[in-house]
Amino acid sequence: MERETAKRKLAELREQINEHNYAYHVLDSPRISDEEFDGLMRELIRLETLYPELVTADSPSRKIGGKPVNSFRQVVHSAPMLSLDNVFTEGELKDFFRRVKKAAGEGPLSWVGEPKIDGLAVSLIYENGVFTRGATRGDGYTGEDITHNLLTIKSLPLRLKKDVSLEVRGEVFISKKDFQELNRKRESRGLPLFANPRNAAAGSIRQLDPRIAAERPLNILVYSLVFLSGEQPPGDHWETLQFLKSLGFKVGSHTVLLSGFEEAMDYYREMELKRNDLFYEIDGIVLKINDFKLQERLGTTSRAPRWAIAFKFSAEEKITKVERIEVNVGRTGVITPVAVLEPVHLAGTLVKRASLHNEDFIREKGVMVGDKVVVHKAGDVIPEIVRVVEEERAATVKPFIMPKTCPSCRAEVHRLPGEAAVRCLNPTCPAQVIERIIHFASRGGMDISGLGESLSRQLYEAGLVKDVGDLYGLTEEELAALERMGKKSAQNLLRSLEKSKKNPLHKLLYGLGIRLVGEKAARLLAAHFKSLYRLQNATLEELTALEEIGPGIAASVTEFFAQKTAAKVIEKLESAGVNFFEETGLDSGENLLQGKIFVLTGTLNRYSRHEAKALIESKGGKVAGSISKKTDFLLLGENPGSKLQKAIDLKIAVISEAEFEEMIRQN
């Protein structure tokens with residue numbers, strides 16, 4: 001077959017296969033038999049093997065899984081991937097509607113109701129109609145590049161029905177039927193079973209080898225549009241869903257338009273009844289204001305939009321027995337009682353433990369050792385004791401008494417005025433130190449890969465780490481000598497520690513485990529003070545003057561920096577070269593990209609144009625559409641246009657993607 005003939009034949013095959021994939025996996029209406037479809041795929045792969053130079057980015061052959069990747073590359077989201085606030089009762093939903101109505105003012109409100117799929121949120125980017133990049137939510141600001149696995153999803157279009165550039169958000173999931181079949185196959189091969197469809201989907205999408213993902217029955221629904229170029233964007237959320245459907249995306253079939261609270265409640269009850277009949281797992285409904293202008297006016301908090309809510313279904317409940325009550329010591333010294341339960345299957349997982357929070361909670365619930373209790377998962381996630389089955393209480397039950405001394409260091413415990421928690425106030429308490437190390441290394445903190453609970457405990461017990469500052473003094477020899485470590489694991493950890501030194505200040509602040517300072521407060525403090533040195537010297541008045549930093553957080557911050565133990569840790573971190581500034585990776589307040597003007601030309605391989613723009617702007621730079629004397633850098637992709645010659649004529653620095661990536665890494 002001649003090359004031109006093969007080219008035309010391949011184009012026909014791709015179009016046919018894409019249409020049949022759409023009919024089968026999106027419309028659920030196959031037009032040909034499986035045998036006929038397989039024949040088309042075999043012919044496509046045969047011709048692509050003969051003419052590899054004719055393989056295109058949108059070829060359906062990419063869905064069979066390519067080569068494994070070595071690691072997940074970090075992707076900065078163009079706009080934060082926010083979570084949703086939850087409500088669990090009719091009264092809570094009514095309060096939410098009342099707040100929105102008050103903020104929105106007079107006039108009727110239109111809402112869109114959607115089933116809340118229990119899956120994994122992802123971001124998808126298309127350039128000129130072709131799928132180019134996909135990422136996980138991550139921490140909402142930075143996710144992981146999972147393009148290689150998303151390519152294997154049959155219901156994900158690799159080419160849209162229009163040549164537009166856009167970013168959409170969606171949910172990857174596994175249907176109930178496919179999940180049962182997946183576990184049946186794993187059981188027959190002697191492999192451990194997945195606990196529930198969500199865990200199976202999450203585990204599949206984070207495989208380094210896309211061939212494994214291709215074997216898993218992953219599916220996807222999209223639910224929002226982040227940006228669009230090449231066409232006038234839809235006017236509201238309902239129109240957006242219809243537009244996305246017209247492009248070839250799979251959207252929810254049970255999505256409806258609603259006019260108010262009563263209709264929202266009717267929709268909730270309807271979906272709760274239909275829940276078991278749907279082909280995918282849902283744990284509630286999502287309600288969104290339809291009007292985009294009103295969405296923009298209402299805005300967001302640091303973690304969730306103010307114009308949307310998730311109304312969760314009532315949690316599944318089971319009866320089990322409290323076998324004993326243990327206590328855990330947290331990183332801030334709080335001693336938390338935990339009920340060890342007779343194992344019970346609940347909402348797809350085996351539950352063995354449930355937090356009892358504090359003395360007051362135990363007294364209020366009347367929980368005793370040996371009691372039969374009703375348990376559920378709060379928000380379908382966290383095991384919680386609802387009530388004691390008092391009518392079945394045995395004579396052998398025993399009351400629980402909180403310990404008077406810390407179970408880790410034996411120091412006397414205290415219940416501070418105004419607090420329900422009992423605390424160990426010894427800052428060198430082993431349990432607290434280990435928990436602080438674990439927290440410091442966590443994803444929201446310094447994100448030190450390989451440093452989990454087991455290794456943190458080993459490092460402390462071996463006398464190598466007495467506080468988080470000691471982590472940066474570890475040597476390869478010390479690490480390799482630890483049980484189950486070895487030379488390679490030691491080198492990997494040291495590389496991860498070295499990389500963490502470049503983290504921005506907000507990750508360090510969260511990692512330090514200052515009481516009451518969560519990720520949101522850490523970002524607010526870092527954004528305002530810019531450096532750890534300024535924050536250390538901040539007064540209580542300066543802190544409380546900040547919006548969303550209350551007196552409790554302010555007092556906690558000043559108390560933390562007043563401690564000698566904290567000063568010692570900070571001194572070690574400074575000596576190790578850990579970044580103390582909000583500009584990532586610098587040990588001075590200057591950001592080398594700040595105010596620099598970039599222009600992009602050609603096709604980028606490592607980033608989409610949208611991602612490159614987001615990265616530059618996140619580092620303080622700007623992106624312009626044309627070359628001028630004010631341009632600082634031209635980022636060069638493949639097949640550049642006339643901008644390249646103009647940059648050369650004006651003697652403007654031309655940088656490759658590799659040089660750009662190094663520049664970003666250093667900043």
# chains A, B, ... in the order shown; residues from 1 in each chain; ligands from 1
>>> residues_around(residues="Gly91 in chain A", least_positions_apart="4", cutoff="12 Å", atoms="only C-alpha atoms", output="PyMOL selection string")
chain A and resi 87+95-98+261+265+311
>>> select_by_dssp(residues="range 378-428 of chain A", states="strand (DSSP E or B)", output="PDB file with C-alpha atoms, in the first residue's frame")
ATOM      1  CA  ALA A 378     -19.421  10.458  58.720  1.00  0.00           C
ATOM      2  CA  ILE A 382     -14.693   8.565  58.812  1.00  0.00           C
ATOM      3  CA  PRO A 383     -15.967   5.764  61.122  1.00  0.00           C
ATOM      4  CA  GLU A 384     -18.011   7.238  63.954  1.00  0.00           C
ATOM      5  CA  ILE A 385     -20.042   5.862  66.864  1.00  0.00           C
ATOM      6  CA  VAL A 386     -23.632   7.117  66.609  1.00  0.00           C
ATOM      7  CA  ARG A 387     -25.097   5.659  69.804  1.00  0.00           C
ATOM      8  CA  VAL A 388     -24.914   2.820  72.310  1.00  0.00           C
ATOM      9  CA  LYS A 398     -16.657  -1.455  82.082  1.00  0.00           C
ATOM     10  CA  THR A 405      -0.281  10.414  82.721  1.00  0.00           C
ATOM     11  CA  GLU A 412       1.251  14.330  83.863  1.00  0.00           C
ATOM     12  CA  VAL A 413      -1.563  15.274  81.478  1.00  0.00           C
ATOM     13  CA  HIS A 414      -3.640  18.461  81.700  1.00  0.00           C
ATOM     14  CA  VAL A 422      -6.581  16.351  77.556  1.00  0.00           C
ATOM     15  CA  ARG A 423      -2.966  17.164  76.670  1.00  0.00           C
ATOM     16  CA  CYS A 424       0.576  16.052  77.345  1.00  0.00           C
TER      17      CYS A 424
END
>>> closest_residue(among="A:Val329, A:Leu13, A:Glu519, A:Gly252", to="Asn426 in chain A", atoms="only C-alpha atoms")
A:Val329
>>> residues_around(residues="range 342-344 of chain A", least_positions_apart="6", cutoff="12 Å", atoms="only C-alpha atoms", output="number ranges by chain")
A: 316-325, 350-354, 369-377, 383
>>> atom_distance(atom1="CA of Glu477 in chain A", atom2="CA of Ser408 in chain A")
29.3 Å
>>> residues_around(residues="Phe400 in chain A", least_positions_apart="4", cutoff="10 Å", atoms="only C-alpha atoms", output="mmCIF file with N, CA and C atoms, in the first residue's frame")
data_model
loop_
_atom_site.group_PDB
_atom_site.id
_atom_site.type_symbol
_atom_site.label_atom_id
_atom_site.label_comp_id
_atom_site.auth_asym_id
_atom_site.auth_seq_id
_atom_site.Cartn_x
_atom_site.Cartn_y
_atom_site.Cartn_z
ATOM 1 N N ARG A 324 -12.273 -2.781 73.152
ATOM 2 C CA ARG A 324 -11.462 -2.070 74.162
ATOM 3 C C ARG A 324 -11.331 -0.619 73.721
ATOM 4 N N ILE A 325 -10.812 0.219 74.606
ATOM 5 C CA ILE A 325 -10.570 1.626 74.274
ATOM 6 C C ILE A 325 -9.103 1.941 74.529
ATOM 7 N N GLU A 326 -8.430 2.424 73.485
ATOM 8 C CA GLU A 326 -7.021 2.792 73.588
ATOM 9 C C GLU A 326 -6.897 4.312 73.516
ATOM 10 N N PRO A 337 -8.950 9.239 72.868
ATOM 11 C CA PRO A 337 -9.408 7.862 73.048
ATOM 12 C C PRO A 337 -9.953 7.296 71.732
ATOM 13 N N GLU A 359 -13.078 13.108 76.478
ATOM 14 C CA GLU A 359 -13.866 12.660 77.641
ATOM 15 C C GLU A 359 -15.333 13.040 77.534
ATOM 16 N N ILE A 362 -17.293 10.755 75.181
ATOM 17 C CA ILE A 362 -17.558 9.439 75.776
ATOM 18 C C ILE A 362 -18.696 9.531 76.794
ATOM 19 N N ARG A 363 -18.678 10.615 77.596
ATOM 20 C CA ARG A 363 -19.714 10.803 78.611
ATOM 21 C C ARG A 363 -21.070 11.054 77.954
ATOM 22 N N GLY A 366 -22.173 7.865 76.371
ATOM 23 C CA GLY A 366 -22.308 6.794 77.365
ATOM 24 C C GLY A 366 -21.627 5.508 76.949
ATOM 25 N N VAL A 367 -20.504 5.619 76.234
ATOM 26 C CA VAL A 367 -19.814 4.435 75.714
ATOM 27 C C VAL A 367 -18.999 3.760 76.810
ATOM 28 N N MET A 368 -19.150 2.424 76.939
ATOM 29 C CA MET A 368 -18.344 1.618 77.858
ATOM 30 C C MET A 368 -17.699 0.471 77.088
ATOM 31 N N VAL A 369 -16.606 -0.037 77.637
ATOM 32 C CA VAL A 369 -15.927 -1.180 77.033
ATOM 33 C C VAL A 369 -16.841 -2.400 77.118
#
>>> decode(residues="range 423-516 of chain A", atoms="C-alpha atoms", output="JSON list (two decimals), in the first residue's frame")
[["chain", "number", "residue", "atom", "x", "y", "z"],
["A", 423, "ARG", "CA", -2.97, 17.16, 76.67],
["A", 424, "CYS", "CA", 0.58, 16.05, 77.35],
["A", 425, "LEU", "CA", 2.55, 19.29, 77.62],
["A", 426, "ASN", "CA", 6.00, 17.67, 77.30],
["A", 427, "PRO", "CA", 7.42, 18.93, 73.93],
["A", 428, "THR", "CA", 9.98, 16.08, 73.86],
["A", 429, "CYS", "CA", 7.32, 13.38, 74.31],
["A", 430, "PRO", "CA", 8.35, 10.53, 71.90],
["A", 431, "ALA", "CA", 4.85, 10.04, 70.50],
["A", 432, "GLN", "CA", 4.52, 13.76, 69.75],
["A", 433, "VAL", "CA", 7.95, 13.94, 68.11],
["A", 434, "ILE", "CA", 7.19, 10.97, 65.85],
["A", 435, "GLU", "CA", 3.81, 12.44, 64.88],
["A", 436, "ARG", "CA", 5.48, 15.79, 64.14],
["A", 437, "ILE", "CA", 7.97, 14.07, 61.84],
["A", 438, "ILE", "CA", 5.13, 12.27, 60.02],
["A", 439, "HIS", "CA", 3.21, 15.54, 59.70],
["A", 440, "PHE", "CA", 6.27, 17.47, 58.51],
["A", 441, "ALA", "CA", 6.84, 14.93, 55.72],
["A", 442, "SER", "CA", 3.16, 14.76, 54.70],
["A", 443, "ARG", "CA", 1.94, 15.83, 51.29],
["A", 444, "GLY", "CA", 0.43, 19.06, 52.60],
["A", 445, "GLY", "CA", 3.68, 19.77, 54.44],
["A", 446, "MET", "CA", 7.16, 19.29, 53.00],
["A", 447, "ASP", "CA", 6.02, 16.36, 50.81],
["A", 448, "ILE", "CA", 9.03, 14.13, 51.56],
["A", 449, "SER", "CA", 8.48, 10.99, 49.51],
["A", 450, "GLY", "CA", 9.36, 7.75, 51.31],
["A", 451, "LEU", "CA", 9.19, 9.20, 54.83],
["A", 452, "GLY", "CA", 6.07, 7.62, 56.32],
["A", 453, "GLU", "CA", 5.00, 6.44, 59.75],
["A", 454, "SER", "CA", 7.21, 3.35, 59.92],
["A", 455, "LEU", "CA", 10.44, 5.11, 58.89],
["A", 456, "SER", "CA", 9.68, 8.14, 61.09],
["A", 457, "ARG", "CA", 9.41, 5.81, 64.06],
["A", 458, "GLN", "CA", 12.62, 4.01, 63.08],
["A", 459, "LEU", "CA", 14.56, 7.26, 62.77],
["A", 460, "TYR", "CA", 13.42, 8.43, 66.20],
["A", 461, "GLU", "CA", 14.01, 5.12, 67.95],
["A", 462, "ALA", "CA", 17.47, 4.81, 66.40],
["A", 463, "GLY", "CA", 18.34, 8.23, 67.88],
["A", 464, "LEU", "CA", 18.94, 9.75, 64.43],
["A", 465, "VAL", "CA", 16.10, 12.29, 64.51],
["A", 466, "LYS", "CA", 14.95, 14.07, 67.67],
["A", 467, "ASP", "CA", 13.12, 16.85, 65.84],
["A", 468, "VAL", "CA", 12.32, 17.67, 62.20],
["A", 469, "GLY", "CA", 15.47, 19.79, 61.88],
["A", 470, "ASP", "CA", 17.57, 16.63, 62.24],
["A", 471, "LEU", "CA", 16.09, 15.18, 59.03],
["A", 472, "TYR", "CA", 18.40, 17.33, 56.92],
["A", 473, "GLY", "CA", 21.51, 16.07, 58.70],
["A", 474, "LEU", "CA", 20.93, 12.40, 57.85],
["A", 475, "THR", "CA", 23.62, 10.57, 55.89],
["A", 476, "GLU", "CA", 23.42, 7.74, 53.38],
["A", 477, "GLU", "CA", 25.38, 5.46, 55.72],
["A", 478, "GLU", "CA", 23.01, 6.07, 58.64],
["A", 479, "LEU", "CA", 19.93, 5.45, 56.54],
["A", 480, "ALA", "CA", 21.25, 2.38, 54.71],
["A", 481, "ALA", "CA", 21.97, 0.71, 58.06],
["A", 482, "LEU", "CA", 18.29, 0.85, 59.05],
["A", 483, "GLU", "CA", 16.07, -2.20, 58.70],
["A", 484, "ARG", "CA", 14.44, -2.58, 55.25],
["A", 485, "MET", "CA", 16.25, 0.48, 53.85],
["A", 486, "GLY", "CA", 19.39, -0.27, 51.85],
["A", 487, "LYS", "CA", 21.54, 2.01, 49.71],
["A", 488, "LYS", "CA", 18.99, 2.79, 46.97],
["A", 489, "SER", "CA", 16.17, 3.65, 49.41],
["A", 490, "ALA", "CA", 18.59, 5.83, 51.39],
["A", 491, "GLN", "CA", 19.62, 7.72, 48.25],
["A", 492, "ASN", "CA", 15.97, 8.21, 47.21],
["A", 493, "LEU", "CA", 15.08, 9.66, 50.62],
["A", 494, "LEU", "CA", 18.07, 12.01, 50.61],
["A", 495, "ARG", "CA", 17.06, 13.25, 47.14],
["A", 496, "SER", "CA", 13.52, 13.84, 48.38],
["A", 497, "LEU", "CA", 14.83, 15.73, 51.41],
["A", 498, "GLU", "CA", 17.05, 17.87, 49.20],
["A", 499, "LYS", "CA", 14.13, 18.62, 46.88],
["A", 500, "SER", "CA", 11.93, 19.62, 49.83],
["A", 501, "LYS", "CA", 14.34, 22.43, 50.76],
["A", 502, "LYS", "CA", 12.97, 24.40, 47.78],
["A", 503, "ASN", "CA", 9.35, 24.25, 48.93],
["A", 504, "PRO", "CA", 7.53, 27.57, 49.41],
["A", 505, "LEU", "CA", 7.06, 28.97, 52.89],
["A", 506, "HIS", "CA", 3.40, 27.91, 53.23],
["A", 507, "LYS", "CA", 4.36, 24.23, 53.01],
["A", 508, "LEU", "CA", 7.04, 24.70, 55.68],
["A", 509, "LEU", "CA", 4.59, 26.53, 57.97],
["A", 510, "TYR", "CA", 2.04, 23.76, 57.68],
["A", 511, "GLY", "CA", 4.75, 21.13, 58.12],
["A", 512, "LEU", "CA", 5.96, 22.68, 61.37],
["A", 513, "GLY", "CA", 2.66, 21.62, 62.91],
["A", 514, "ILE", "CA", 1.79, 24.89, 64.64],
["A", 515, "ARG", "CA", -1.42, 24.28, 66.58],
["A", 516, "LEU", "CA", -4.54, 25.54, 64.74]]
